[in-house]
Amino acid sequence: MSSSPVRVRFAPSPTGMLHIGGLRTALYNYLLARKHDGVFVLRIEDTDRERYVAEAEKDIATSLAWAGLSFDEGPGVGGEAAPYYQSERKDIYKGYVQQLLDAGHAYYAFDTPEALQQLRDEAEHAFSYNAATRGALDNSLSLTDEEVQQRIANGEPYVVRMKVDHDITVRFSDEIRGSVAFEAEKIDDQVLLKSDGMPTYHLANVVDDHLMGITHVIRGEEWLPSTPKHVLLYDYFGWEAPAFAHLPLILNPEGGKLSKRDVERGGIPVSVRDYIERGYEPEALINFLALLGWNPGTEQELFSLEELVEAFSLERVGTSGVQFDLDKLNWFNEQHLRRLDLDGFVERVAPYAPKGESGYLRDVCALMQDRVSFARDVISEAGYFFEAPTSYDEKGVKKRWKDDSAMLLQAYADSLDEAATFDAETAEQRLRDLADEHDVGAGRLIHPTRLALSGVTFGPSLFAMMEVLGQRECVSRMRKAVQELGD
RNA sequence: GCCGCGUUCGUCUAGGGGUUUAGGACGCCGGCCUUUCACGCCGGUAACACGGGUUCGAAUCCCGUACGCGGCACCA
């Protein structure tokens, strides 16, 4: 275990609801921080005013809180490196851009977005703003100083681009993939400062990670191709780059990038919010996500968040894209539901339950905990605990309701009605006695009784169920069934 | 098109030169338990992308091919 002060950050962009892949990125960051008694920072990368969604930031906070991923520094909690909104750090970036400009590592460019788009459209393969093309473009490297100053003074919009020198190879080590190399001539002169005065991700990300003392940048694999730009930037500033770890992408069941479309197509929700709404337990989603791309090297599958912290390491994160399997998530949900103690389980079910006596819900839960995949199933699959059946399963009736059922059920109801005490044991005793009396198998009574009480042919142990339902309710439902189904 | 990353059962994965008749989990199939249905337990199904090397020996190392994914914005 390392004793170096680990500082990691999760830096989502508030452009939409928190993505499931984003939650996994946050989780891995969180795990590394907690594992090494480090610091987990939340930073909001809101430099894109065009795509800003006000609701998004709240969703990020809500989702992280729901998942149990607490952060040590960030919006709301503050910290030494505040502010944690990039939009509030504009002046900071300005200074660093100037530093780059002064050192000749960056330059002004006046090309309009439209002009660049046209170049891209006209290019045979792909247009790149780089050492080979910049001389013919509208920037401070092709213009005289006076002209540049004049145009800026005139209020002409401009951007600042990083000047990437060619004929070098940018190498860096990725914690997950090992050594990665890119030829500088393939890297373009990335815009660092947009014409609206906002930094781009690349600049802001490097400056902030350095200023915030980030030691490990853990992010999705989609960032791998732009990492050489970041490495170059650290170099220009004379800063030591943090360790990089690029996580394999989460794929949809067809093997493509998980997108909104997958919600309708494969039933795979993309937003964390959707998982919350569908009733997944946070422990299950976290456990599932942790194992999606990482494995502990043991055969343990079920983990609490604390256990994940204990077991986690970057070295055991995989390298290839992983497909999302809803069946397995569902299995984790069942497993985590069963791990709960009864009171804990009741807490999860309570929000779905009709108002009523809490002791009763607890009794129902005790019978249902091992039988459901989702907490709400207790209510949806065993509604008969809360309301008498209004109909009887047709196929069940056909199979289980015999000629003598009405008569037997009537007799059983009468017998139970007279009982001085009522619990599972007496219910069973009286049923077996009655069966003996009429010289029929117990099943002849058990099945029609279940049908009468629940309307369906499946469910928890009949006698346990009867005890929970209570004497009066059982007798009444049985008599009603005799009337309804007759003979 | 260019650049990068990847490739073990359908899916998540273990394994990192001989311990492998390639292990576990989900799913699926079968059985046991239960006069219900589940849970649980037991068993089964199913994989090293391909081709060359290196080596006494390769799923494991190297090269190539194929395929997949990602990136190539004044988006992150």
# chains A, B, ... in the order shown; residues from 1 in each chain; ligands from 1
>>> residues_around(residues="B:C41", least_positions_apart="2", cutoff="12 Å", atoms="only C-alpha atoms (C1' of nucleotides)", output="MDAnalysis selection string")
chainID B and resid 31:33 39 43
>>> residues_around(residues="A:Val231", least_positions_apart="5", cutoff="12 Å", atoms="only C-alpha atoms (C1' of nucleotides)", output="CSV table (one decimal) with all heavy atoms, in the first residue's frame")
chain,number,residue,atom,x,y,z
A,164,VAL,N,2.1,23.0,-31.5
A,164,VAL,CA,2.7,21.7,-31.3
A,164,VAL,C,3.8,21.5,-32.4
A,164,VAL,O,3.6,21.6,-33.6
A,164,VAL,CB,1.6,20.6,-31.6
A,164,VAL,CG1,2.2,19.2,-31.4
A,164,VAL,CG2,0.5,20.7,-30.6
A,169,THR,N,8.1,12.4,-30.6
A,169,THR,CA,7.1,11.4,-30.2
A,169,THR,C,6.8,11.6,-28.8
A,169,THR,O,7.7,11.8,-28.0
A,169,THR,CB,7.7,10.0,-30.4
A,169,THR,OG1,8.1,9.8,-31.7
A,169,THR,CG2,6.7,8.9,-30.0
A,170,VAL,N,5.5,11.7,-28.6
A,170,VAL,CA,5.0,11.9,-27.2
A,170,VAL,C,4.7,10.6,-26.6
A,170,VAL,O,3.9,9.8,-27.1
A,170,VAL,CB,3.7,12.8,-27.1
A,170,VAL,CG1,3.3,13.0,-25.7
A,170,VAL,CG2,4.0,14.1,-27.8
A,171,ARG,N,5.4,10.3,-25.5
A,171,ARG,CA,5.2,9.0,-24.8
A,171,ARG,C,4.7,9.2,-23.4
A,171,ARG,O,5.2,10.2,-22.8
A,171,ARG,CB,6.5,8.2,-24.7
A,171,ARG,CG,7.0,7.7,-26.0
A,171,ARG,CD,8.4,7.0,-25.8
A,171,ARG,NE,9.1,6.9,-27.0
A,171,ARG,CZ,8.8,6.1,-28.0
A,171,ARG,NH1,7.8,5.2,-27.8
A,171,ARG,NH2,9.5,6.1,-29.1
A,172,PHE,N,3.9,8.4,-23.0
A,172,PHE,CA,3.5,8.4,-21.5
A,172,PHE,C,3.1,7.0,-21.1
A,172,PHE,O,2.8,6.2,-22.0
A,172,PHE,CB,2.4,9.5,-21.3
A,172,PHE,CG,1.1,9.2,-22.1
A,172,PHE,CD1,0.1,8.4,-21.5
A,172,PHE,CD2,0.9,9.7,-23.3
A,172,PHE,CE1,-1.1,8.1,-22.2
A,172,PHE,CE2,-0.2,9.4,-24.1
A,172,PHE,CZ,-1.2,8.6,-23.5
A,173,SER,N,3.1,6.9,-19.9
A,173,SER,CA,2.7,5.5,-19.3
A,173,SER,C,1.3,5.6,-18.8
A,173,SER,O,1.0,6.5,-18.0
A,173,SER,CB,3.7,5.1,-18.3
A,173,SER,OG,3.3,3.9,-17.7
A,174,ASP,N,0.5,4.7,-19.2
A,174,ASP,CA,-0.8,4.6,-18.7
A,174,ASP,C,-0.8,3.5,-17.7
A,174,ASP,O,-0.3,2.4,-17.9
A,174,ASP,CB,-1.8,4.3,-19.9
A,174,ASP,CG,-3.3,4.3,-19.4
A,174,ASP,OD1,-3.7,3.2,-18.9
A,174,ASP,OD2,-3.9,5.3,-19.5
A,180,VAL,N,2.3,4.2,-24.0
A,180,VAL,CA,1.5,4.6,-25.1
A,180,VAL,C,2.3,5.7,-25.9
A,180,VAL,O,2.9,6.6,-25.2
A,180,VAL,CB,0.2,5.1,-24.7
A,180,VAL,CG1,-0.7,5.5,-25.9
A,180,VAL,CG2,-0.6,4.1,-23.9
A,181,ALA,N,2.3,5.6,-27.2
A,181,ALA,CA,3.1,6.7,-27.9
A,181,ALA,C,2.3,7.2,-29.1
A,181,ALA,O,1.5,6.6,-29.7
A,181,ALA,CB,4.4,6.0,-28.5
A,182,PHE,N,2.5,8.5,-29.3
A,182,PHE,CA,1.8,9.3,-30.4
A,182,PHE,C,2.9,10.1,-31.1
A,182,PHE,O,3.7,10.7,-30.4
A,182,PHE,CB,0.7,10.2,-29.9
A,182,PHE,CG,-0.5,9.5,-29.4
A,182,PHE,CD1,-0.5,9.0,-28.1
A,182,PHE,CD2,-1.6,9.3,-30.2
A,182,PHE,CE1,-1.7,8.3,-27.6
A,182,PHE,CE2,-2.8,8.7,-29.7
A,182,PHE,CZ,-2.8,8.2,-28.4
A,184,ALA,N,4.0,13.4,-32.7
A,184,ALA,CA,3.5,14.8,-32.6
A,184,ALA,C,2.9,15.3,-33.9
A,184,ALA,O,2.0,16.2,-33.8
A,184,ALA,CB,4.7,15.7,-32.1
A,187,ILE,N,-0.7,15.3,-34.0
A,187,ILE,CA,-1.4,16.1,-33.0
A,187,ILE,C,-1.7,17.5,-33.6
A,187,ILE,O,-0.8,18.1,-34.1
A,187,ILE,CB,-0.6,16.2,-31.7
A,187,ILE,CG1,-0.3,14.9,-31.2
A,187,ILE,CG2,-1.4,17.0,-30.7
A,187,ILE,CD1,0.7,14.9,-30.0
A,202,HIS,N,-9.1,20.8,-22.6
A,202,HIS,CA,-7.7,20.4,-22.5
A,202,HIS,C,-6.8,21.4,-21.7
A,202,HIS,O,-6.0,20.9,-20.9
A,202,HIS,CB,-7.1,20.4,-23.9
A,202,HIS,CG,-7.9,19.4,-24.8
A,202,HIS,ND1,-9.0,19.9,-25.6
A,202,HIS,CD2,-7.9,18.1,-25.0
A,202,HIS,CE1,-9.5,18.9,-26.2
A,202,HIS,NE2,-8.9,17.8,-25.8
A,203,LEU,N,-7.1,22.6,-21.8
A,203,LEU,CA,-6.3,23.6,-21.0
A,203,LEU,C,-6.8,23.6,-19.6
A,203,LEU,O,-6.0,23.5,-18.6
A,203,LEU,CB,-6.5,25.0,-21.6
A,203,LEU,CG,-5.6,26.2,-21.3
A,203,LEU,CD1,-6.2,27.2,-20.3
A,203,LEU,CD2,-4.2,25.8,-20.7
A,205,ASN,N,-8.4,21.5,-17.8
A,205,ASN,CA,-8.1,20.2,-17.2
A,205,ASN,C,-6.7,20.1,-16.7
A,205,ASN,O,-6.4,19.7,-15.6
A,205,ASN,CB,-8.5,19.1,-18.3
A,205,ASN,CG,-7.8,17.8,-18.1
A,205,ASN,OD1,-6.8,17.6,-18.6
A,205,ASN,ND2,-8.4,17.0,-17.2
A,206,VAL,N,-5.8,20.5,-17.5
A,206,VAL,CA,-4.3,20.4,-17.1
A,206,VAL,C,-4.0,21.4,-16.0
A,206,VAL,O,-3.4,21.1,-15.0
A,206,VAL,CB,-3.4,20.7,-18.4
A,206,VAL,CG1,-2.0,21.0,-17.9
A,206,VAL,CG2,-3.5,19.5,-19.3
A,207,VAL,N,-4.5,22.7,-16.2
A,207,VAL,CA,-4.2,23.7,-15.2
A,207,VAL,C,-4.9,23.3,-13.9
A,207,VAL,O,-4.2,23.4,-12.8
A,207,VAL,CB,-4.8,25.1,-15.7
A,207,VAL,CG1,-4.8,26.1,-14.6
A,207,VAL,CG2,-4.0,25.6,-16.9
A,210,HIS,N,-3.2,20.3,-12.1
A,210,HIS,CA,-2.0,20.7,-11.5
A,210,HIS,C,-2.2,21.5,-10.2
A,210,HIS,O,-1.7,21.3,-9.2
A,210,HIS,CB,-1.1,21.5,-12.5
A,210,HIS,CG,0.1,22.0,-11.8
A,210,HIS,ND1,0.3,23.3,-11.4
A,210,HIS,CD2,1.3,21.3,-11.5
A,210,HIS,CE1,1.5,23.4,-10.9
A,210,HIS,NE2,2.1,22.3,-10.9
A,217,VAL,N,-5.1,10.7,-12.8
A,217,VAL,CA,-6.2,11.1,-13.6
A,217,VAL,C,-6.8,9.8,-14.1
A,217,VAL,O,-6.2,9.1,-14.9
A,217,VAL,CB,-5.8,11.9,-14.8
A,217,VAL,CG1,-6.9,12.1,-15.8
A,217,VAL,CG2,-5.3,13.3,-14.3
A,224,LEU,N,-8.0,9.0,-24.2
A,224,LEU,CA,-6.7,8.5,-24.5
A,224,LEU,C,-6.0,9.3,-25.7
A,224,LEU,O,-4.9,9.7,-25.6
A,224,LEU,CB,-6.7,7.0,-24.8
A,224,LEU,CG,-5.3,6.3,-24.8
A,224,LEU,CD1,-4.6,6.5,-23.5
A,224,LEU,CD2,-5.5,4.8,-25.0
A,225,PRO,N,-6.8,9.5,-26.8
A,225,PRO,CA,-6.2,10.2,-28.0
A,225,PRO,C,-5.8,11.6,-27.7
A,225,PRO,O,-5.0,12.2,-28.4
A,225,PRO,CB,-7.3,10.1,-29.0
A,225,PRO,CG,-8.1,8.9,-28.6
A,225,PRO,CD,-8.1,9.0,-27.1
A,226,SER,N,-6.4,12.3,-26.7
A,226,SER,CA,-6.1,13.6,-26.4
A,226,SER,C,-5.1,13.8,-25.3
A,226,SER,O,-4.6,14.9,-25.0
A,226,SER,CB,-7.3,14.5,-26.2
A,226,SER,OG,-8.1,13.9,-25.2
A,236,TYR,N,5.1,22.0,-21.4
A,236,TYR,CA,5.3,23.5,-21.6
A,236,TYR,C,5.3,24.3,-20.4
A,236,TYR,O,6.0,25.3,-20.2
A,236,TYR,CB,4.1,24.0,-22.5
A,236,TYR,CG,4.1,23.4,-23.9
A,236,TYR,CD1,3.0,23.6,-24.7
A,236,TYR,CD2,5.2,22.8,-24.5
A,236,TYR,CE1,2.9,23.1,-26.0
A,236,TYR,CE2,5.2,22.3,-25.8
A,236,TYR,CZ,4.0,22.5,-26.5
A,236,TYR,OH,4.0,22.0,-27.8
A,237,PHE,N,4.5,23.9,-19.4
A,237,PHE,CA,4.4,24.6,-18.2
A,237,PHE,C,5.5,24.2,-17.2
A,237,PHE,O,5.8,24.9,-16.2
A,237,PHE,CB,3.1,24.3,-17.4
A,237,PHE,CG,1.9,25.0,-18.0
A,237,PHE,CD1,0.8,24.3,-18.5
A,237,PHE,CD2,1.9,26.4,-18.1
A,237,PHE,CE1,-0.3,25.0,-19.1
A,237,PHE,CE2,0.8,27.1,-18.6
A,237,PHE,CZ,-0.3,26.4,-19.1
A,238,GLY,N,6.2,23.1,-17.5
A,238,GLY,CA,7.3,22.7,-16.7
A,238,GLY,C,6.7,22.0,-15.4
A,238,GLY,O,7.4,22.0,-14.4
A,239,TRP,N,5.6,21.4,-15.6
A,239,TRP,CA,4.9,20.7,-14.5
A,239,TRP,C,5.1,19.2,-14.6
A,239,TRP,O,5.2,18.7,-15.8
A,239,TRP,CB,3.4,21.0,-14.4
A,239,TRP,CG,3.1,22.4,-14.1
A,239,TRP,CD1,3.9,23.4,-13.5
A,239,TRP,CD2,1.9,23.1,-14.5
A,239,TRP,NE1,3.2,24.6,-13.5
A,239,TRP,CE2,2.0,24.4,-14.1
A,239,TRP,CE3,0.7,22.6,-15.2
A,239,TRP,CZ2,1.0,25.3,-14.3
A,239,TRP,CZ3,-0.3,23.6,-15.4
A,239,TRP,CH2,-0.1,24.9,-14.9
A,240,GLU,N,5.1,18.5,-13.5
A,240,GLU,CA,5.1,17.0,-13.6
A,240,GLU,C,3.7,16.6,-13.9
A,240,GLU,O,2.7,17.0,-13.2
A,240,GLU,CB,5.6,16.5,-12.3
A,240,GLU,CG,5.9,15.0,-12.4
A,240,GLU,CD,6.2,14.4,-11.0
A,240,GLU,OE1,6.5,15.1,-10.1
A,240,GLU,OE2,6.0,13.2,-10.8
A,241,ALA,N,3.5,15.7,-14.8
A,241,ALA,CA,2.2,15.2,-15.2
A,241,ALA,C,1.7,14.2,-14.1
A,241,ALA,O,2.6,13.5,-13.6
A,241,ALA,CB,2.2,14.6,-16.6
A,242,PRO,N,0.4,14.1,-13.9
A,242,PRO,CA,0.0,13.1,-13.0
A,242,PRO,C,0.0,11.7,-13.7
A,242,PRO,O,0.3,11.6,-14.9
A,242,PRO,CB,-1.5,13.5,-12.7
A,242,PRO,CG,-1.9,14.2,-14.0
A,242,PRO,CD,-0.6,14.9,-14.4
A,243,ALA,N,-0.3,10.7,-12.9
A,243,ALA,CA,-0.4,9.3,-13.5
A,243,ALA,C,-1.7,9.3,-14.3
A,243,ALA,O,-2.7,9.9,-13.8
A,243,ALA,CB,-0.3,8.3,-12.5
A,244,PHE,N,-1.7,8.6,-15.4
A,244,PHE,CA,-3.0,8.5,-16.2
A,244,PHE,C,-3.5,7.1,-16.1
A,244,PHE,O,-2.7,6.1,-16.2
A,244,PHE,CB,-2.8,8.9,-17.6
A,244,PHE,CG,-2.4,10.4,-17.8
A,244,PHE,CD1,-1.1,10.8,-18.1
A,244,PHE,CD2,-3.5,11.3,-17.8
A,244,PHE,CE1,-0.8,12.1,-18.2
A,244,PHE,CE2,-3.2,12.7,-17.9
A,244,PHE,CZ,-1.9,13.1,-18.2
>>> select_by_dssp(residues="stretch 243-469 of chain A", states="strand (DSSP E)", output="ChimeraX atom specification")
/A:243-247,250-251,322-323
>>> interface_residues(of="chain B", to="chain A", cutoff="7 Å", atoms="only C-alpha atoms (C1' of nucleotides)", output="list in words")
G1, C3, G4, G6, U11, C12, A14, G24, C26, U35, U36, C37, A38, C39, G70, G71, C74 and A76 of chain B
>>> write_last_selection(atoms="N, CA, C and O atoms (P, O5', C5', C4', C3', O3' and C1' of nucleotides)", output="tab-separated table (two decimals), in the first residue's frame")
chain	number	residue	atom	x	y	z
B	1	G	P	-10.67	3.29	-45.05
B	1	G	O5'	-9.87	4.69	-45.11
B	1	G	C5'	-9.09	5.04	-46.26
B	1	G	C4'	-8.40	6.34	-45.97
B	1	G	C3'	-7.51	6.33	-44.74
B	1	G	O3'	-6.20	5.91	-45.10
B	1	G	C1'	-8.97	8.17	-44.60
B	3	C	P	-1.64	6.04	-39.80
B	3	C	O5'	-2.00	6.49	-38.31
B	3	C	C5'	-1.25	7.54	-37.70
B	3	C	C4'	-1.85	7.86	-36.36
B	3	C	C3'	-1.97	6.70	-35.38
B	3	C	O3'	-0.74	6.43	-34.73
B	3	C	C1'	-3.98	7.91	-35.38
B	4	G	P	-0.42	4.94	-34.27
B	4	G	O5'	-1.35	4.82	-32.97
B	4	G	C5'	-1.13	5.65	-31.85
B	4	G	C4'	-2.29	5.51	-30.90
B	4	G	C3'	-2.54	4.11	-30.36
B	4	G	O3'	-1.67	3.83	-29.28
B	4	G	C1'	-4.58	5.08	-31.02
B	6	G	P	-3.61	-1.93	-25.69
B	6	G	O5'	-4.89	-2.77	-26.07
B	6	G	C5'	-5.79	-3.22	-25.09
B	6	G	C4'	-7.09	-3.64	-25.71
B	6	G	C3'	-7.20	-5.08	-26.17
B	6	G	O3'	-7.51	-5.92	-25.07
B	6	G	C1'	-8.14	-3.65	-27.79
B	11	U	P	-19.60	-12.59	-26.03
B	11	U	O5'	-20.25	-12.05	-24.66
B	11	U	C5'	-21.11	-10.91	-24.67
B	11	U	C4'	-21.45	-10.54	-23.26
B	11	U	C3'	-20.23	-10.41	-22.34
B	11	U	O3'	-19.64	-9.13	-22.47
B	11	U	C1'	-21.82	-11.77	-21.28
B	12	C	P	-18.08	-8.93	-22.17
B	12	C	O5'	-18.05	-9.02	-20.58
B	12	C	C5'	-18.67	-8.00	-19.80
B	12	C	C4'	-18.41	-8.27	-18.34
B	12	C	C3'	-16.96	-8.56	-18.01
B	12	C	O3'	-16.23	-7.36	-17.89
B	12	C	C1'	-18.31	-10.20	-16.99
B	14	A	P	-9.25	-10.76	-15.89
B	14	A	O5'	-9.05	-12.16	-15.14
B	14	A	C5'	-9.24	-12.22	-13.72
B	14	A	C4'	-8.95	-13.61	-13.22
B	14	A	C3'	-7.58	-14.14	-13.61
B	14	A	O3'	-6.60	-13.65	-12.72
B	14	A	C1'	-9.24	-15.81	-13.88
B	24	G	P	-15.35	-23.97	-12.49
B	24	G	O5'	-15.62	-22.50	-11.92
B	24	G	C5'	-15.38	-22.23	-10.55
B	24	G	C4'	-15.57	-20.77	-10.28
B	24	G	C3'	-16.94	-20.21	-10.64
B	24	G	O3'	-17.89	-20.47	-9.63
B	24	G	C1'	-15.27	-18.75	-11.44
B	26	C	P	-24.04	-17.37	-10.64
B	26	C	O5'	-24.47	-16.34	-11.79
B	26	C	C5'	-24.85	-15.01	-11.45
B	26	C	C4'	-25.18	-14.25	-12.71
B	26	C	C3'	-26.25	-14.89	-13.60
B	26	C	O3'	-27.55	-14.58	-13.14
B	26	C	C1'	-24.42	-14.20	-14.93
B	35	U	P	-43.68	-30.19	1.74
B	35	U	O5'	-44.64	-30.07	0.45
B	35	U	C5'	-45.07	-31.25	-0.15
B	35	U	C4'	-45.56	-30.90	-1.54
B	35	U	C3'	-46.25	-29.53	-1.56
B	35	U	O3'	-45.57	-28.56	-2.38
B	35	U	C1'	-47.80	-31.31	-2.13
B	36	U	P	-44.76	-28.58	-3.60
B	36	U	O5'	-45.33	-27.38	-4.49
B	36	U	C5'	-46.46	-27.57	-5.36
B	36	U	C4'	-46.92	-26.19	-5.77
B	36	U	C3'	-45.81	-25.33	-6.34
B	36	U	O3'	-45.66	-25.61	-7.73
B	36	U	C1'	-47.04	-24.09	-4.75
B	37	C	P	-44.24	-25.77	-8.36
B	37	C	O5'	-43.75	-24.26	-8.47
B	37	C	C5'	-44.45	-23.33	-9.29
B	37	C	C4'	-44.05	-21.93	-8.90
B	37	C	C3'	-42.55	-21.68	-8.82
B	37	C	O3'	-42.01	-21.44	-10.10
B	37	C	C1'	-43.60	-20.73	-6.94
B	38	A	P	-40.43	-21.54	-10.35
B	38	A	O5'	-39.93	-20.27	-9.53
B	38	A	C5'	-38.66	-20.27	-8.93
B	38	A	C4'	-38.63	-19.11	-7.97
B	38	A	C3'	-37.34	-19.01	-7.18
B	38	A	O3'	-36.37	-18.29	-7.92
B	38	A	C1'	-39.14	-18.98	-5.67
B	39	C	P	-34.88	-18.89	-8.00
B	39	C	O5'	-34.33	-18.73	-6.50
B	39	C	C5'	-34.46	-17.49	-5.82
B	39	C	C4'	-34.12	-17.67	-4.35
B	39	C	C3'	-32.83	-18.41	-4.07
B	39	C	O3'	-31.72	-17.58	-4.21
B	39	C	C1'	-34.53	-19.16	-2.60
B	70	G	P	-17.29	3.56	-30.62
B	70	G	O5'	-16.03	4.38	-30.12
B	70	G	C5'	-15.81	4.61	-28.73
B	70	G	C4'	-14.46	5.21	-28.52
B	70	G	C3'	-14.21	6.52	-29.24
B	70	G	O3'	-14.77	7.60	-28.53
B	70	G	C1'	-12.35	5.11	-29.54
B	71	G	P	-15.27	8.89	-29.36
B	71	G	O5'	-13.91	9.54	-29.85
B	71	G	C5'	-13.02	10.14	-28.89
B	71	G	C4'	-11.75	10.55	-29.59
B	71	G	C3'	-11.92	11.50	-30.76
B	71	G	O3'	-12.07	12.83	-30.33
B	71	G	C1'	-10.41	9.79	-31.35
B	74	C	P	-12.05	23.78	-33.41
B	74	C	O5'	-12.63	24.65	-32.23
B	74	C	C5'	-11.96	24.68	-31.00
B	74	C	C4'	-12.84	25.49	-30.08
B	74	C	C3'	-14.31	25.20	-30.40
B	74	C	O3'	-14.94	24.56	-29.32
B	74	C	C1'	-13.77	27.57	-30.59
B	76	A	P	-15.33	22.27	-24.09
B	76	A	O5'	-16.25	21.38	-23.16
B	76	A	C5'	-15.82	20.93	-21.90
B	76	A	C4'	-16.46	19.59	-21.63
B	76	A	C3'	-15.49	18.63	-20.95
B	76	A	O3'	-15.52	18.81	-19.55
B	76	A	C1'	-16.39	17.57	-22.86
>>> closest_residue(among="A:His105, A:Arg430, A:Glu80, A:Phe345", to="A:Ala411", atoms="only C-alpha atoms")
A:Arg430
>>> residues_around(residues="B:C67", least_positions_apart="3", cutoff="12 Å", atoms="only C-alpha atoms (C1' of nucleotides)", output="list in words")
G6, U7, A49 and C50 of chain B
>>> residues_around(residues="B:G15", least_positions_apart="6", cutoff="9 Å", atoms="only C-alpha atoms (C1' of nucleotides)", output="list of chain:residue names")
B:A22, B:G23, B:A59, B:U60
>>> write_last_selection(atoms="N, CA, C and O atoms (P, O5', C5', C4', C3', O3' and C1' of nucleotides)", output="JSON list (two decimals), in the first residue's frame")
[["chain", "number", "residue", "atom", "x", "y", "z"],
["B", 22, "A", "P", -8.43, -27.91, -21.15],
["B", 22, "A", "O5'", -9.30, -27.22, -19.99],
["B", 22, "A", "C5'", -8.75, -27.00, -18.70],
["B", 22, "A", "C4'", -8.63, -25.51, -18.43],
["B", 22, "A", "C3'", -9.95, -24.75, -18.33],
["B", 22, "A", "O3'", -10.52, -24.88, -17.03],
["B", 22, "A", "C1'", -8.43, -23.56, -19.69],
["B", 23, "G", "P", -11.89, -25.60, -16.80],
["B", 23, "G", "O5'", -12.32, -25.05, -15.39],
["B", 23, "G", "C5'", -11.60, -25.43, -14.22],
["B", 23, "G", "C4'", -11.56, -24.27, -13.26],
["B", 23, "G", "C3'", -12.86, -23.49, -13.13],
["B", 23, "G", "O3'", -13.78, -24.14, -12.27],
["B", 23, "G", "C1'", -11.12, -21.97, -13.46],
["B", 59, "A", "P", -1.34, -22.88, -26.50],
["B", 59, "A", "O5'", -2.03, -21.49, -26.13],
["B", 59, "A", "C5'", -3.09, -20.96, -26.88],
["B", 59, "A", "C4'", -3.52, -19.63, -26.30],
["B", 59, "A", "C3'", -2.37, -18.76, -25.82],
["B", 59, "A", "O3'", -1.96, -17.90, -26.85],
["B", 59, "A", "C1'", -3.96, -19.00, -24.09],
["B", 60, "U", "P", -0.59, -17.05, -26.75],
["B", 60, "U", "O5'", -0.99, -16.08, -25.55],
["B", 60, "U", "C5'", -0.10, -15.11, -25.07],
["B", 60, "U", "C4'", 0.05, -15.23, -23.57],
["B", 60, "U", "C3'", 1.50, -15.01, -23.11],
["B", 60, "U", "O3'", 1.55, -13.80, -22.37],
["B", 60, "U", "C1'", 0.50, -16.92, -22.06]]
>>> select_by_dssp(residues="stretch 122-309 of chain A", states="alpha helix (DSSP H)", output="VMD selection string")
chain A and resid 122 145 to 153 201 to 211 227 to 237 261 to 266 272 to 277 282 to 290 305 to 309
>>> write_last_selection(atoms="C-alpha atoms", output="short mmCIF file (atom, residue, chain, number, x, y, z; two decimals), in the first residue's frame")
data_model
loop_
_atom_site.label_atom_id
_atom_site.label_comp_id
_atom_site.auth_asym_id
_atom_site.auth_seq_id
_atom_site.Cartn_x
_atom_site.Cartn_y
_atom_site.Cartn_z
CA GLU A 122 -12.95 20.71 -48.76
CA ASP A 145 2.86 41.72 -34.57
CA GLU A 146 1.35 45.06 -35.44
CA GLU A 147 -1.40 43.44 -37.37
CA VAL A 148 -2.16 41.03 -34.56
CA GLN A 149 -2.26 43.82 -32.00
CA GLN A 150 -4.43 45.90 -34.28
CA ARG A 151 -6.97 43.16 -34.83
CA ILE A 152 -7.17 42.37 -31.15
CA ALA A 153 -7.52 46.05 -30.37
CA TYR A 201 -11.29 21.14 -21.68
CA HIS A 202 -7.67 20.45 -22.53
CA LEU A 203 -6.29 23.60 -21.01
CA ALA A 204 -8.61 23.82 -18.03
CA ASN A 205 -8.13 20.19 -17.21
CA VAL A 206 -4.35 20.44 -17.13
CA VAL A 207 -4.24 23.69 -15.21
CA ASP A 208 -6.78 22.55 -12.67
CA ASP A 209 -5.33 19.12 -12.17
CA HIS A 210 -1.99 20.71 -11.48
CA LEU A 211 -3.34 23.44 -9.22
CA THR A 227 -3.75 12.73 -23.61
CA PRO A 228 -0.59 13.54 -25.61
CA LYS A 229 -1.84 17.12 -25.85
CA HIS A 230 -2.13 17.19 -22.11
CA VAL A 231 1.31 15.68 -21.66
CA LEU A 232 2.71 18.36 -23.95
CA LEU A 233 0.96 21.05 -21.96
CA TYR A 234 2.41 19.81 -18.68
CA ASP A 235 5.74 19.90 -20.42
CA TYR A 236 5.27 23.47 -21.65
CA PHE A 237 4.39 24.59 -18.15
CA ARG A 261 -30.67 4.97 -28.14
CA ASP A 262 -29.87 1.85 -26.17
CA VAL A 263 -32.55 2.70 -23.67
CA GLU A 264 -35.30 2.04 -26.16
CA ARG A 265 -33.49 -0.62 -28.13
CA GLY A 266 -31.94 -2.90 -25.55
CA VAL A 272 -27.99 6.85 -13.34
CA ARG A 273 -31.30 8.50 -12.65
CA ASP A 274 -33.04 5.80 -14.67
CA TYR A 275 -31.52 3.08 -12.51
CA ILE A 276 -32.72 4.87 -9.42
CA GLU A 277 -36.19 5.12 -10.90
CA PRO A 282 -27.26 1.49 -4.92
CA GLU A 283 -25.14 -1.33 -3.47
CA ALA A 284 -26.03 -3.54 -6.41
CA LEU A 285 -25.26 -0.99 -9.10
CA ILE A 286 -21.97 -0.12 -7.43
CA ASN A 287 -20.99 -3.75 -7.06
CA PHE A 288 -21.88 -4.45 -10.67
CA LEU A 289 -20.08 -1.39 -11.99
CA ALA A 290 -16.97 -2.16 -9.97
CA LEU A 305 -18.54 -0.38 -0.96
CA GLU A 306 -16.16 -0.79 2.00
CA GLU A 307 -15.03 -4.17 0.74
CA LEU A 308 -14.42 -2.70 -2.69
CA VAL A 309 -12.24 -0.01 -1.18
#
